[in-house]
Structures are given as C-alpha cells and as structure tokens.
>>> print(open('input.txt').read())   # compact mmCIF, C-alpha atoms
# COMPACT_ATOMS: atom_id res chain seq x y z
CA ILE A 7 85.60 -26.88 -106.54
CA GLN A 8 82.42 -25.92 -104.70
CA LEU A 9 82.73 -22.30 -105.83
CA LEU A 10 83.49 -23.06 -109.49
CA ASP A 11 80.68 -25.62 -109.64
CA SER A 12 78.08 -23.29 -108.15
CA PRO A 13 75.15 -22.25 -110.42
CA ARG A 14 75.24 -18.88 -108.65
CA ALA A 15 78.84 -18.16 -109.70
CA SER A 16 79.50 -16.55 -113.06
CA GLY A 17 82.87 -15.51 -114.41
CA ALA A 18 84.42 -18.21 -112.25
CA GLN A 19 88.03 -16.97 -112.16
CA VAL A 20 87.06 -13.40 -111.31
CA THR A 21 84.54 -14.58 -108.73
CA PHE A 22 87.08 -16.93 -107.15
CA SER A 23 89.70 -14.19 -106.87
CA ALA A 24 87.21 -11.74 -105.39
CA ARG A 25 85.90 -14.29 -102.89
CA LEU A 26 89.39 -15.36 -101.84
CA ALA A 27 90.36 -11.73 -101.25
CA GLU A 28 87.24 -11.25 -99.12
CA LEU A 29 87.93 -14.40 -97.09
CA LEU A 30 91.43 -13.19 -96.26
CA SER A 31 90.28 -9.69 -95.33
CA ILE A 32 89.04 -8.18 -92.09
CA ASN A 33 85.34 -7.41 -91.75
CA ASP A 34 84.40 -3.81 -92.38
CA TRP A 35 83.76 -1.59 -89.38
CA LEU A 36 79.94 -1.58 -89.61
CA THR A 37 79.84 -5.38 -89.77
CA ILE A 38 82.01 -5.65 -86.65
CA PHE A 39 79.83 -3.06 -84.93
CA SER A 40 76.67 -5.01 -85.81
CA GLU A 41 78.26 -8.23 -84.54
CA LEU A 42 79.17 -6.66 -81.19
CA ALA A 43 75.62 -5.32 -80.89
CA GLY A 44 74.34 -8.83 -81.66
CA PHE A 45 75.75 -10.14 -78.38
CA TRP A 46 73.16 -7.90 -76.67
CA HIS A 47 70.36 -8.89 -79.09
CA LYS A 48 70.09 -7.46 -82.60
CA SER A 49 67.16 -5.29 -81.50
CA LEU A 50 69.69 -3.00 -79.82
CA LEU A 51 69.89 -1.48 -83.32
CA GLY A 52 66.13 -1.33 -83.85
CA VAL A 53 62.97 -3.38 -83.38
CA GLY A 54 61.25 -5.54 -85.98
CA SER A 55 60.69 -3.69 -89.26
CA ASP A 56 62.58 -0.65 -87.93
CA TYR A 57 65.80 -2.67 -87.71
CA ARG A 58 68.85 -0.78 -89.00
CA GLY A 59 71.54 -3.36 -88.47
CA TRP A 60 73.40 -5.60 -90.90
CA MET A 61 71.30 -6.04 -94.13
CA ASN A 62 67.96 -6.90 -92.45
CA TYR A 63 66.53 -8.14 -89.15
CA LEU A 64 66.37 -11.84 -90.05
CA GLU A 65 69.84 -11.82 -91.61
CA GLY A 66 71.57 -9.72 -88.96
CA PRO A 67 74.08 -11.22 -86.52
CA GLY A 68 72.27 -12.25 -83.34
CA PHE A 69 74.12 -14.09 -80.59
CA TYR A 70 72.04 -13.09 -77.58
CA VAL A 71 71.67 -15.95 -75.08
CA SER A 72 70.82 -13.78 -72.04
CA VAL A 73 73.28 -11.67 -70.08
CA LEU A 74 73.68 -14.45 -67.51
CA PRO A 75 76.08 -16.62 -69.58
CA LEU A 76 78.33 -13.62 -70.26
CA LEU A 77 78.77 -13.21 -66.50
CA LEU A 78 79.15 -16.94 -65.81
CA ILE A 79 81.69 -17.86 -68.51
CA PRO A 80 84.73 -16.17 -66.86
CA GLN A 81 84.26 -18.47 -63.84
CA LEU A 82 85.68 -21.23 -66.07
CA TRP A 83 89.10 -19.84 -65.18
CA ARG A 84 88.65 -21.38 -61.72
CA GLY A 85 88.21 -24.86 -63.17
CA GLY A 86 90.90 -27.29 -64.17
CA CYS A 87 93.59 -26.90 -66.82
CA ARG A 88 91.23 -28.26 -69.49
CA ASP A 89 88.59 -25.64 -68.59
CA ARG A 90 91.12 -22.83 -69.00
CA VAL A 91 92.29 -24.23 -72.34
CA TRP A 92 88.70 -24.41 -73.61
CA LEU A 93 88.06 -20.86 -72.40
CA LYS A 94 91.12 -19.48 -74.20
CA ALA A 95 90.40 -21.43 -77.39
CA SER A 96 86.74 -20.38 -77.41
CA LEU A 97 87.57 -16.71 -76.91
CA ALA A 98 90.06 -16.95 -79.78
CA ILE A 99 87.39 -18.51 -82.02
CA LEU A 100 84.88 -15.78 -81.09
CA VAL A 101 87.37 -13.02 -81.87
CA PHE A 102 88.20 -14.70 -85.19
CA TYR A 103 84.48 -14.97 -86.03
CA VAL A 104 83.89 -11.28 -85.32
CA LEU A 105 86.93 -10.08 -87.25
CA SER A 106 86.88 -12.48 -90.22
CA PRO A 107 84.11 -13.56 -92.63
CA PHE A 108 85.72 -17.01 -93.03
CA LEU A 109 83.53 -19.06 -90.67
CA ARG A 110 80.20 -17.65 -91.82
CA PHE A 111 81.23 -18.13 -95.46
CA SER A 112 82.11 -21.76 -94.73
CA VAL A 113 78.49 -22.54 -93.76
CA PHE A 114 77.43 -22.00 -97.37
CA GLY A 115 80.37 -23.66 -99.09
CA PHE A 116 82.10 -20.28 -99.43
CA ASN A 117 79.41 -19.09 -101.83
CA LEU A 118 77.26 -16.69 -99.82
CA ASN A 119 78.05 -13.95 -97.34
CA TYR A 120 75.31 -14.70 -94.79
CA PHE A 121 75.23 -14.76 -91.01
CA ARG A 122 72.34 -17.22 -91.10
CA VAL A 123 73.03 -20.56 -89.35
CA SER A 124 76.55 -19.63 -88.20
CA THR A 125 75.02 -17.44 -85.50
CA LEU A 126 73.66 -20.64 -83.96
CA TRP A 127 77.23 -21.92 -83.66
CA VAL A 128 78.19 -18.88 -81.60
CA ALA A 129 75.10 -19.12 -79.41
CA MET A 130 75.70 -22.83 -78.75
CA LEU A 131 79.35 -22.15 -77.87
CA LEU A 132 78.31 -19.49 -75.33
CA LEU A 133 75.67 -21.77 -73.81
CA ILE A 134 78.03 -24.75 -73.52
CA LEU A 135 80.73 -22.65 -71.87
CA SER A 136 78.25 -21.11 -69.45
CA ALA A 137 76.80 -24.53 -68.56
CA ARG A 138 80.25 -25.78 -67.58
CA ALA A 139 80.91 -22.54 -65.69
CA LEU A 140 77.61 -22.92 -63.84
CA SER A 141 78.62 -26.39 -62.67
CA ILE A 142 81.82 -24.88 -61.25
CA VAL A 143 79.83 -22.13 -59.53
CA LEU A 144 77.41 -24.62 -57.96
CA ASP A 145 80.33 -26.72 -56.75
CA GLN A 146 82.80 -24.05 -55.63
CA GLY A 147 80.71 -20.89 -55.30
CA ILE A 148 81.36 -17.55 -57.00
CA ASP A 149 84.72 -15.79 -57.13
CA ARG A 150 83.39 -12.27 -56.57
CA LYS A 151 86.63 -10.51 -57.52
CA LEU A 152 86.79 -12.42 -60.80
CA LEU A 153 83.08 -11.72 -61.36
CA ILE A 154 83.51 -7.95 -60.99
CA ARG A 155 86.69 -7.80 -63.08
CA ALA A 156 85.23 -9.94 -65.87
CA ALA A 157 81.90 -8.07 -65.81
CA THR A 158 83.58 -4.82 -66.82
CA VAL A 159 84.62 -6.17 -70.24
CA PRO A 160 81.11 -6.85 -71.68
CA LEU A 161 79.83 -3.72 -69.91
CA VAL A 162 82.47 -1.55 -71.61
CA LEU A 163 81.63 -3.18 -74.97
CA LEU A 164 77.93 -2.54 -74.40
CA GLY A 165 78.61 1.08 -73.48
CA PHE A 166 80.73 1.54 -76.60
CA VAL A 167 78.05 0.05 -78.86
CA VAL A 168 75.28 2.11 -77.22
CA VAL A 169 77.20 5.38 -77.58
CA PHE A 170 78.09 4.69 -81.22
CA ALA A 171 74.54 3.58 -82.04
CA TYR A 172 73.15 6.71 -80.37
CA ILE A 173 75.45 8.92 -82.45
CA ASP A 174 74.55 6.92 -85.56
CA GLY A 175 70.84 7.25 -84.82
CA SER A 176 70.25 3.47 -84.84
CA LEU A 177 69.92 2.90 -81.09
CA ASN A 178 66.76 1.43 -79.59
CA PRO A 179 66.88 3.10 -76.12
CA GLY A 180 64.11 0.91 -74.68
CA HIS A 181 66.00 -2.26 -75.46
CA ALA A 182 69.27 -0.84 -74.13
CA LEU A 183 67.54 -0.03 -70.83
CA LYS A 184 66.12 -3.57 -70.60
CA VAL A 185 69.56 -5.08 -71.12
CA LEU A 186 71.15 -2.82 -68.49
CA VAL A 187 68.46 -3.73 -65.95
CA LEU A 188 68.92 -7.46 -66.63
CA TYR A 189 72.71 -7.08 -66.48
CA ALA A 190 72.52 -5.38 -63.08
CA ALA A 191 70.07 -8.01 -61.78
CA ALA A 192 72.21 -10.93 -62.97
CA LEU A 193 75.35 -9.36 -61.52
CA ALA A 194 73.66 -8.84 -58.15
CA LEU A 195 72.28 -12.41 -58.14
CA LEU A 196 75.70 -13.93 -58.79
CA TYR A 197 77.54 -11.55 -56.47
CA PHE A 198 75.30 -12.36 -53.50
CA ARG A 199 75.72 -16.04 -54.31
CA GLY A 200 79.34 -15.45 -53.30
CA TRP A 201 78.09 -14.76 -49.79
CA ARG A 202 75.82 -17.82 -49.99
CA VAL A 203 72.83 -15.69 -48.98
CA LEU A 204 70.56 -18.04 -50.93
CA PRO A 205 70.53 -21.80 -50.32
CA GLU A 206 71.51 -23.83 -53.37
CA ARG A 207 67.94 -24.81 -54.30
CA ARG A 208 66.70 -21.24 -54.08
CA PHE A 209 69.68 -20.03 -56.05
CA ALA A 210 68.88 -22.56 -58.81
CA ALA A 211 65.23 -21.47 -58.80
CA ALA A 212 66.31 -17.82 -59.00
CA LEU A 213 68.48 -18.59 -62.03
CA ILE A 214 65.62 -20.36 -63.80
CA ALA A 215 63.26 -17.47 -63.00
CA PHE A 216 65.80 -14.97 -64.30
CA VAL A 217 66.17 -16.81 -67.62
CA ALA A 218 62.38 -17.06 -67.98
CA ILE A 219 61.93 -13.33 -67.33
CA ASP A 220 64.73 -12.55 -69.77
CA ALA A 221 63.17 -14.71 -72.49
CA MET A 222 59.75 -13.12 -72.11
CA TRP A 223 60.92 -9.53 -71.62
CA ILE A 224 63.46 -9.55 -74.45
CA GLY A 225 62.64 -12.40 -76.81
CA TRP A 226 58.87 -12.21 -77.14
CA SER A 227 58.48 -8.44 -77.14
CA GLU A 228 61.31 -7.76 -79.55
CA MET A 229 59.92 -10.22 -82.10
CA ASN A 230 56.36 -8.84 -81.93
CA GLN A 231 56.76 -5.06 -81.79
CA ASN A 232 56.65 -2.73 -84.79
CA ARG A 233 55.99 -5.41 -87.40
CA PRO A 234 53.84 -3.69 -90.07
>>> encode(input="input.txt", output="structure tokens")
Amino acid sequence: IQLLDSPRASGAQVTFSARLAELLSINDWLTIFSELAGFWHKSLLGVGSDYRGWMNYLEGPGFYVSVLPLLLIPQLWRGGCRDRVWLKASLAILVFYVLSPFLRFSVFGFNLNYFRVSTLWVAMLLLILSARALSIVLDQGIDRKLLIRAATVPLVLLGFVVVFAYIDGSLNPGHALKVLVLYAAALALLYFRGWRVLPERRFAAALIAFVAIDAMWIGWSEMNQNRP
C-alpha cells in the first residue's frame, strides 16, 4: 500500500515487481564491500570530497563506533545464556543487513534505496552490545584467549577490504594506518587488562582516553579534510 500510494512511484505494477525482486535479492558485490569498509569508517575508501564509496560520502554506509567495541563484543560469550543468545541474534541481524537490502529499504517504507538512518541502527546495536560486554569485563576481567581468537576475525576482514581497495585504487592509506594503530593499541590495552596490570579506575580512565583520542583522530579529521 505504501509503495503504490507513493508520489515517487510511477507505473505502480512494474515498480512493485522490480522493488520486490530487489528486496528478495542479495546485495551486489560493491555494496557489500562498501558496507564492510564502513565498519572501519567510510573514509577508508576516501576522505571528504574524494570519497569513492557507495554513491557519495553522506549516503555511504558508515558504522564506525571505534575499534574498541569490536574487540569487546566477543566477551559477551562469557556472560549468561541470555548474553549468548543476544550475541548470536545480533550477529545474525548484522549479517542479514550486510547481505540484504531489506532493512535499509524498510526505513523509507520500501520506497528508497538509502543507507541513511539505518546506519544508526547498526551503530546503536554495536554500542549496546559492547556496553554489556564491558560490564562483563569489569566484573570478570578479560578472557585473553577469547580476545585473541575473536580479534582475528575483524582483522582479517580489514585486511581483505584494504587489499581490495588498494587494487581498486580507492584506498585511503592514511586512514588505514590510523585504524591499524588504534586496533593494536586497543588490543594491547584489553590484553594487559587480563593480567590486571592497571587498577580498575585507571583502566576505566584509559578506556575513556582511548575513545576520546579515537574520536578526535578519526572523526574530526576525516570530516574536515579535502572538502573543496
């Protein structure tokens, strides 16, 4: 009803059939590639007006919430049964979002193929999961074996995206280096927490400092460089 009543839709039956076919399809390869890059900030594929990602910089998929949550979230597995259920369900939703256009279409009543707004859903999901994981870490400490095993997955994805973007000519090497430095720093901070080298208050202060540095080093600079 929403589609057929839309002032943007013409040739309603043809439009409906085309949209339904798109909803039931898998995203094309370049869209999936841009989405994966978006977990490391959309500027991995360019900065400001030099952006070469999905459609344009403002419309591109951006899910970056710092590298810290990506390392914290797997610690949910050490929580209770409910934590593990939420972790599995959330990962399934994220995979579905990356592979299918259904959720981002739903934001606009299945009329427009935009990432806008729905990217906030993904970012909020990552932040909520990491907040719960952080509470487990502060209570039980870090499982270093789980940390190292889980850290390889996003690192392999990042490496894959960087290599493909380099071959494609769309890589922003400066941003990739920033992300790798932050990733190594966050991994070291959490790993040494497993030895309880830092008291709890200092560990909390270190986490806050890390997030502040990340926000300034990535967020501010990437939004204000190369903007003719």
>>> closest_atom_pairs(input="input.txt", of="segment 96-161 of chain A", to="segment 179-197 of chain A", cutoff="10 Å", atoms="only C-alpha atoms", output="Markdown table")
| residue | atom | partner | partner_atom | distance |
| --- | --- | --- | --- | --- |
| A:Val143 | CA | A:Leu196 | CA | 9.2 |
| A:Gly147 | CA | A:Leu196 | CA | 9.3 |
| A:Ile148 | CA | A:Leu196 | CA | 7.0 |
| A:Asp149 | CA | A:Tyr197 | CA | 8.4 |
| A:Arg150 | CA | A:Tyr197 | CA | 5.9 |
| A:Lys151 | CA | A:Tyr197 | CA | 9.2 |
| A:Leu153 | CA | A:Tyr197 | CA | 7.4 |
| A:Ile154 | CA | A:Leu193 | CA | 8.3 |
| A:Ala157 | CA | A:Leu193 | CA | 7.9 |
| A:Pro160 | CA | A:Tyr189 | CA | 9.9 |
| A:Leu161 | CA | A:Tyr189 | CA | 8.6 |
>>> atom_distance(input="input.txt", atom1="atom CA of Ala137 of chain A", atom2="atom CA of Val162 of chain A")
23.9 Å
>>> closest_residue(input="input.txt", among="A:Ala212, A:Ile219, A:Leu26, A:Leu64", to="Tyr120 of chain A", atoms="only C-alpha atoms")
A:Leu64
>>> atom_distance(input="input.txt", atom1="atom CA of Trp127 of chain A", atom2="atom CA of Ile99 of chain A")
10.8 Å
>>> residues_around(input="input.txt", residues="Asn232 of chain A", least_positions_apart="2", cutoff="7 Å", atoms="only C-alpha atoms", output="short mmCIF file (atom, residue, chain, number, x, y, z; two decimals) with C-alpha atoms, in the frame of the given file")
data_model
loop_
_atom_site.label_atom_id
_atom_site.label_comp_id
_atom_site.auth_asym_id
_atom_site.auth_seq_id
_atom_site.Cartn_x
_atom_site.Cartn_y
_atom_site.Cartn_z
CA VAL A 53 62.97 -3.38 -83.38
CA GLY A 54 61.25 -5.54 -85.98
CA SER A 55 60.69 -3.69 -89.26
CA ASN A 230 56.36 -8.84 -81.93
CA PRO A 234 53.84 -3.69 -90.07
#
>>> closest_residue(input="input.txt", among="A:Leu213, A:Val168, A:Leu109, A:Leu50", to="Leu144 of chain A", atoms="all atoms listed in the file")
A:Leu213
>>> closest_residue(input="input.txt", among="A:Trp46, A:Trp83, A:Phe121, A:Trp223", to="Tyr63 of chain A", atoms="all atoms listed in the file")
A:Phe121
>>> closest_residue(input="input.txt", among="A:Val169, A:Ser31, A:Gly86, A:Ser141", to="Phe102 of chain A", atoms="all atoms listed in the file")
A:Ser31
>>> residues_around(input="input.txt", residues="Met130 of chain A", least_positions_apart="4", cutoff="12 Å", atoms="only C-alpha atoms", output="PyMOL selection string")
chain A and resi 69-71+75+96+100+123-126+134-137
>>> residues_around(input="input.txt", residues="Asp220 of chain A", least_positions_apart="2", cutoff="10 Å", atoms="only C-alpha atoms", output="PyMOL selection string")
chain A and resi 71-74+184-185+188+214-218+222-226
>>> closest_residue(input="input.txt", among="A:Asn33, A:Phe198, A:Val128, A:Leu42", to="Gly165 of chain A", atoms="all atoms listed in the file")
A:Leu42
>>> atom_distance(input="input.txt", atom1="atom CA of Gly66 of chain A", atom2="atom CA of Val101 of chain A")
17.6 Å
>>> closest_residue(input="input.txt", among="A:Ala156, A:Ala211, A:Leu140, A:Leu51", to="Asn178 of chain A", atoms="only C-alpha atoms")
A:Leu51
>>> decode(input="input.txt", residues="segment 40-64 of chain A", atoms="N, CA, C and O atoms", output="PDB file, in the first residue's frame")
ATOM      1  N   SER A  40      31.516  -2.021   0.271  1.00  0.00           N
ATOM      2  CA  SER A  40      31.410  -0.712   0.906  1.00  0.00           C
ATOM      3  C   SER A  40      30.891  -0.832   2.334  1.00  0.00           C
ATOM      4  O   SER A  40      31.308  -0.080   3.230  1.00  0.00           O
ATOM      5  N   GLU A  41      29.964  -1.763   2.560  1.00  0.00           N
ATOM      6  CA  GLU A  41      29.445  -1.968   3.912  1.00  0.00           C
ATOM      7  C   GLU A  41      30.535  -2.476   4.850  1.00  0.00           C
ATOM      8  O   GLU A  41      30.664  -2.007   5.985  1.00  0.00           O
ATOM      9  N   LEU A  42      31.317  -3.444   4.398  1.00  0.00           N
ATOM     10  CA  LEU A  42      32.400  -3.970   5.228  1.00  0.00           C
ATOM     11  C   LEU A  42      33.402  -2.872   5.550  1.00  0.00           C
ATOM     12  O   LEU A  42      33.887  -2.767   6.684  1.00  0.00           O
ATOM     13  N   ALA A  43      33.711  -2.032   4.555  1.00  0.00           N
ATOM     14  CA  ALA A  43      34.625  -0.915   4.789  1.00  0.00           C
ATOM     15  C   ALA A  43      34.033   0.066   5.800  1.00  0.00           C
ATOM     16  O   ALA A  43      34.754   0.685   6.578  1.00  0.00           O
ATOM     17  N   GLY A  44      32.699   0.188   5.796  1.00  0.00           N
ATOM     18  CA  GLY A  44      32.033   1.128   6.694  1.00  0.00           C
ATOM     19  C   GLY A  44      32.206   0.810   8.164  1.00  0.00           C
ATOM     20  O   GLY A  44      32.080   1.689   9.015  1.00  0.00           O
ATOM     21  N   PHE A  45      32.497  -0.458   8.497  1.00  0.00           N
ATOM     22  CA  PHE A  45      32.744  -0.811   9.888  1.00  0.00           C
ATOM     23  C   PHE A  45      34.067  -0.237  10.385  1.00  0.00           C
ATOM     24  O   PHE A  45      34.324  -0.212  11.588  1.00  0.00           O
ATOM     25  N   TRP A  46      34.922   0.206   9.436  1.00  0.00           N
ATOM     26  CA  TRP A  46      36.213   0.813   9.791  1.00  0.00           C
ATOM     27  C   TRP A  46      36.221   2.288   9.432  1.00  0.00           C
ATOM     28  O   TRP A  46      37.266   2.882   9.294  1.00  0.00           O
ATOM     29  N   HIS A  47      35.063   2.870   9.266  1.00  0.00           N
ATOM     30  CA  HIS A  47      34.821   4.263   8.881  1.00  0.00           C
ATOM     31  C   HIS A  47      34.854   4.371   7.351  1.00  0.00           C
ATOM     32  O   HIS A  47      35.760   3.884   6.692  1.00  0.00           O
ATOM     33  N   LYS A  48      33.835   5.043   6.823  1.00  0.00           N
ATOM     34  CA  LYS A  48      33.698   5.161   5.369  1.00  0.00           C
ATOM     35  C   LYS A  48      34.890   5.827   4.708  1.00  0.00           C
ATOM     36  O   LYS A  48      35.129   5.641   3.517  1.00  0.00           O
ATOM     37  N   SER A  49      35.676   6.596   5.473  1.00  0.00           N
ATOM     38  CA  SER A  49      36.833   7.272   4.896  1.00  0.00           C
ATOM     39  C   SER A  49      37.961   6.309   4.534  1.00  0.00           C
ATOM     40  O   SER A  49      38.960   6.723   3.963  1.00  0.00           O
ATOM     41  N   LEU A  50      37.803   5.026   4.872  1.00  0.00           N
ATOM     42  CA  LEU A  50      38.760   4.035   4.391  1.00  0.00           C
ATOM     43  C   LEU A  50      38.786   4.025   2.871  1.00  0.00           C
ATOM     44  O   LEU A  50      39.799   3.701   2.251  1.00  0.00           O
ATOM     45  N   LEU A  51      37.662   4.424   2.257  1.00  0.00           N
ATOM     46  CA  LEU A  51      37.560   4.468   0.789  1.00  0.00           C
ATOM     47  C   LEU A  51      37.696   5.886   0.253  1.00  0.00           C
ATOM     48  O   LEU A  51      37.265   6.170  -0.858  1.00  0.00           O
ATOM     49  N   GLY A  52      38.295   6.769   1.019  1.00  0.00           N
ATOM     50  CA  GLY A  52      38.473   8.144   0.561  1.00  0.00           C
ATOM     51  C   GLY A  52      38.139   9.118   1.671  1.00  0.00           C
ATOM     52  O   GLY A  52      37.558   8.748   2.684  1.00  0.00           O
ATOM     53  N   VAL A  53      38.514  10.369   1.493  1.00  0.00           N
ATOM     54  CA  VAL A  53      38.275  11.391   2.511  1.00  0.00           C
ATOM     55  C   VAL A  53      37.458  12.522   1.906  1.00  0.00           C
ATOM     56  O   VAL A  53      37.780  13.044   0.848  1.00  0.00           O
ATOM     57  N   GLY A  54      36.385  12.916   2.604  1.00  0.00           N
ATOM     58  CA  GLY A  54      35.609  14.078   2.191  1.00  0.00           C
ATOM     59  C   GLY A  54      35.149  14.009   0.739  1.00  0.00           C
ATOM     60  O   GLY A  54      34.508  13.058   0.310  1.00  0.00           O
ATOM     61  N   SER A  55      35.484  15.025  -0.037  1.00  0.00           N
ATOM     62  CA  SER A  55      35.024  15.111  -1.419  1.00  0.00           C
ATOM     63  C   SER A  55      35.731  14.133  -2.346  1.00  0.00           C
ATOM     64  O   SER A  55      35.358  13.998  -3.508  1.00  0.00           O
ATOM     65  N   ASP A  56      36.775  13.457  -1.841  1.00  0.00           N
ATOM     66  CA  ASP A  56      37.456  12.437  -2.643  1.00  0.00           C
ATOM     67  C   ASP A  56      36.877  11.049  -2.414  1.00  0.00           C
ATOM     68  O   ASP A  56      37.438  10.054  -2.857  1.00  0.00           O
ATOM     69  N   TYR A  57      35.773  10.972  -1.686  1.00  0.00           N
ATOM     70  CA  TYR A  57      35.173   9.680  -1.331  1.00  0.00           C
ATOM     71  C   TYR A  57      34.759   8.904  -2.582  1.00  0.00           C
ATOM     72  O   TYR A  57      34.156   9.440  -3.495  1.00  0.00           O
ATOM     73  N   ARG A  58      35.100   7.614  -2.605  1.00  0.00           N
ATOM     74  CA  ARG A  58      34.777   6.778  -3.764  1.00  0.00           C
ATOM     75  C   ARG A  58      33.962   5.553  -3.357  1.00  0.00           C
ATOM     76  O   ARG A  58      34.071   4.500  -3.959  1.00  0.00           O
ATOM     77  N   GLY A  59      33.219   5.683  -2.300  1.00  0.00           N
ATOM     78  CA  GLY A  59      32.458   4.543  -1.810  1.00  0.00           C
ATOM     79  C   GLY A  59      31.094   4.425  -2.474  1.00  0.00           C
ATOM     80  O   GLY A  59      30.945   4.658  -3.662  1.00  0.00           O
ATOM     81  N   TRP A  60      30.090   4.104  -1.672  1.00  0.00           N
ATOM     82  CA  TRP A  60      28.757   3.798  -2.190  1.00  0.00           C
ATOM     83  C   TRP A  60      27.993   5.102  -2.421  1.00  0.00           C
ATOM     84  O   TRP A  60      27.608   5.787  -1.493  1.00  0.00           O
ATOM     85  N   MET A  61      27.767   5.500  -3.686  1.00  0.00           N
ATOM     86  CA  MET A  61      27.041   6.697  -4.104  1.00  0.00           C
ATOM     87  C   MET A  61      27.789   7.984  -3.734  1.00  0.00           C
ATOM     88  O   MET A  61      28.381   8.613  -4.578  1.00  0.00           O
ATOM     89  N   ASN A  62      27.767   8.400  -2.475  1.00  0.00           N
ATOM     90  CA  ASN A  62      28.506   9.595  -2.069  1.00  0.00           C
ATOM     91  C   ASN A  62      28.808   9.509  -0.579  1.00  0.00           C
ATOM     92  O   ASN A  62      28.315   8.631   0.119  1.00  0.00           O
ATOM     93  N   TYR A  63      29.643  10.428  -0.086  1.00  0.00           N
ATOM     94  CA  TYR A  63      30.148  10.332   1.289  1.00  0.00           C
ATOM     95  C   TYR A  63      29.023  10.337   2.312  1.00  0.00           C
ATOM     96  O   TYR A  63      29.002   9.527   3.237  1.00  0.00           O
ATOM     97  N   LEU A  64      28.057  11.264   2.162  1.00  0.00           N
ATOM     98  CA  LEU A  64      26.995  11.375   3.149  1.00  0.00           C
ATOM     99  C   LEU A  64      26.032  10.193   3.095  1.00  0.00           C
ATOM    100  O   LEU A  64      25.396   9.854   4.090  1.00  0.00           O
TER     101      LEU A  64
END
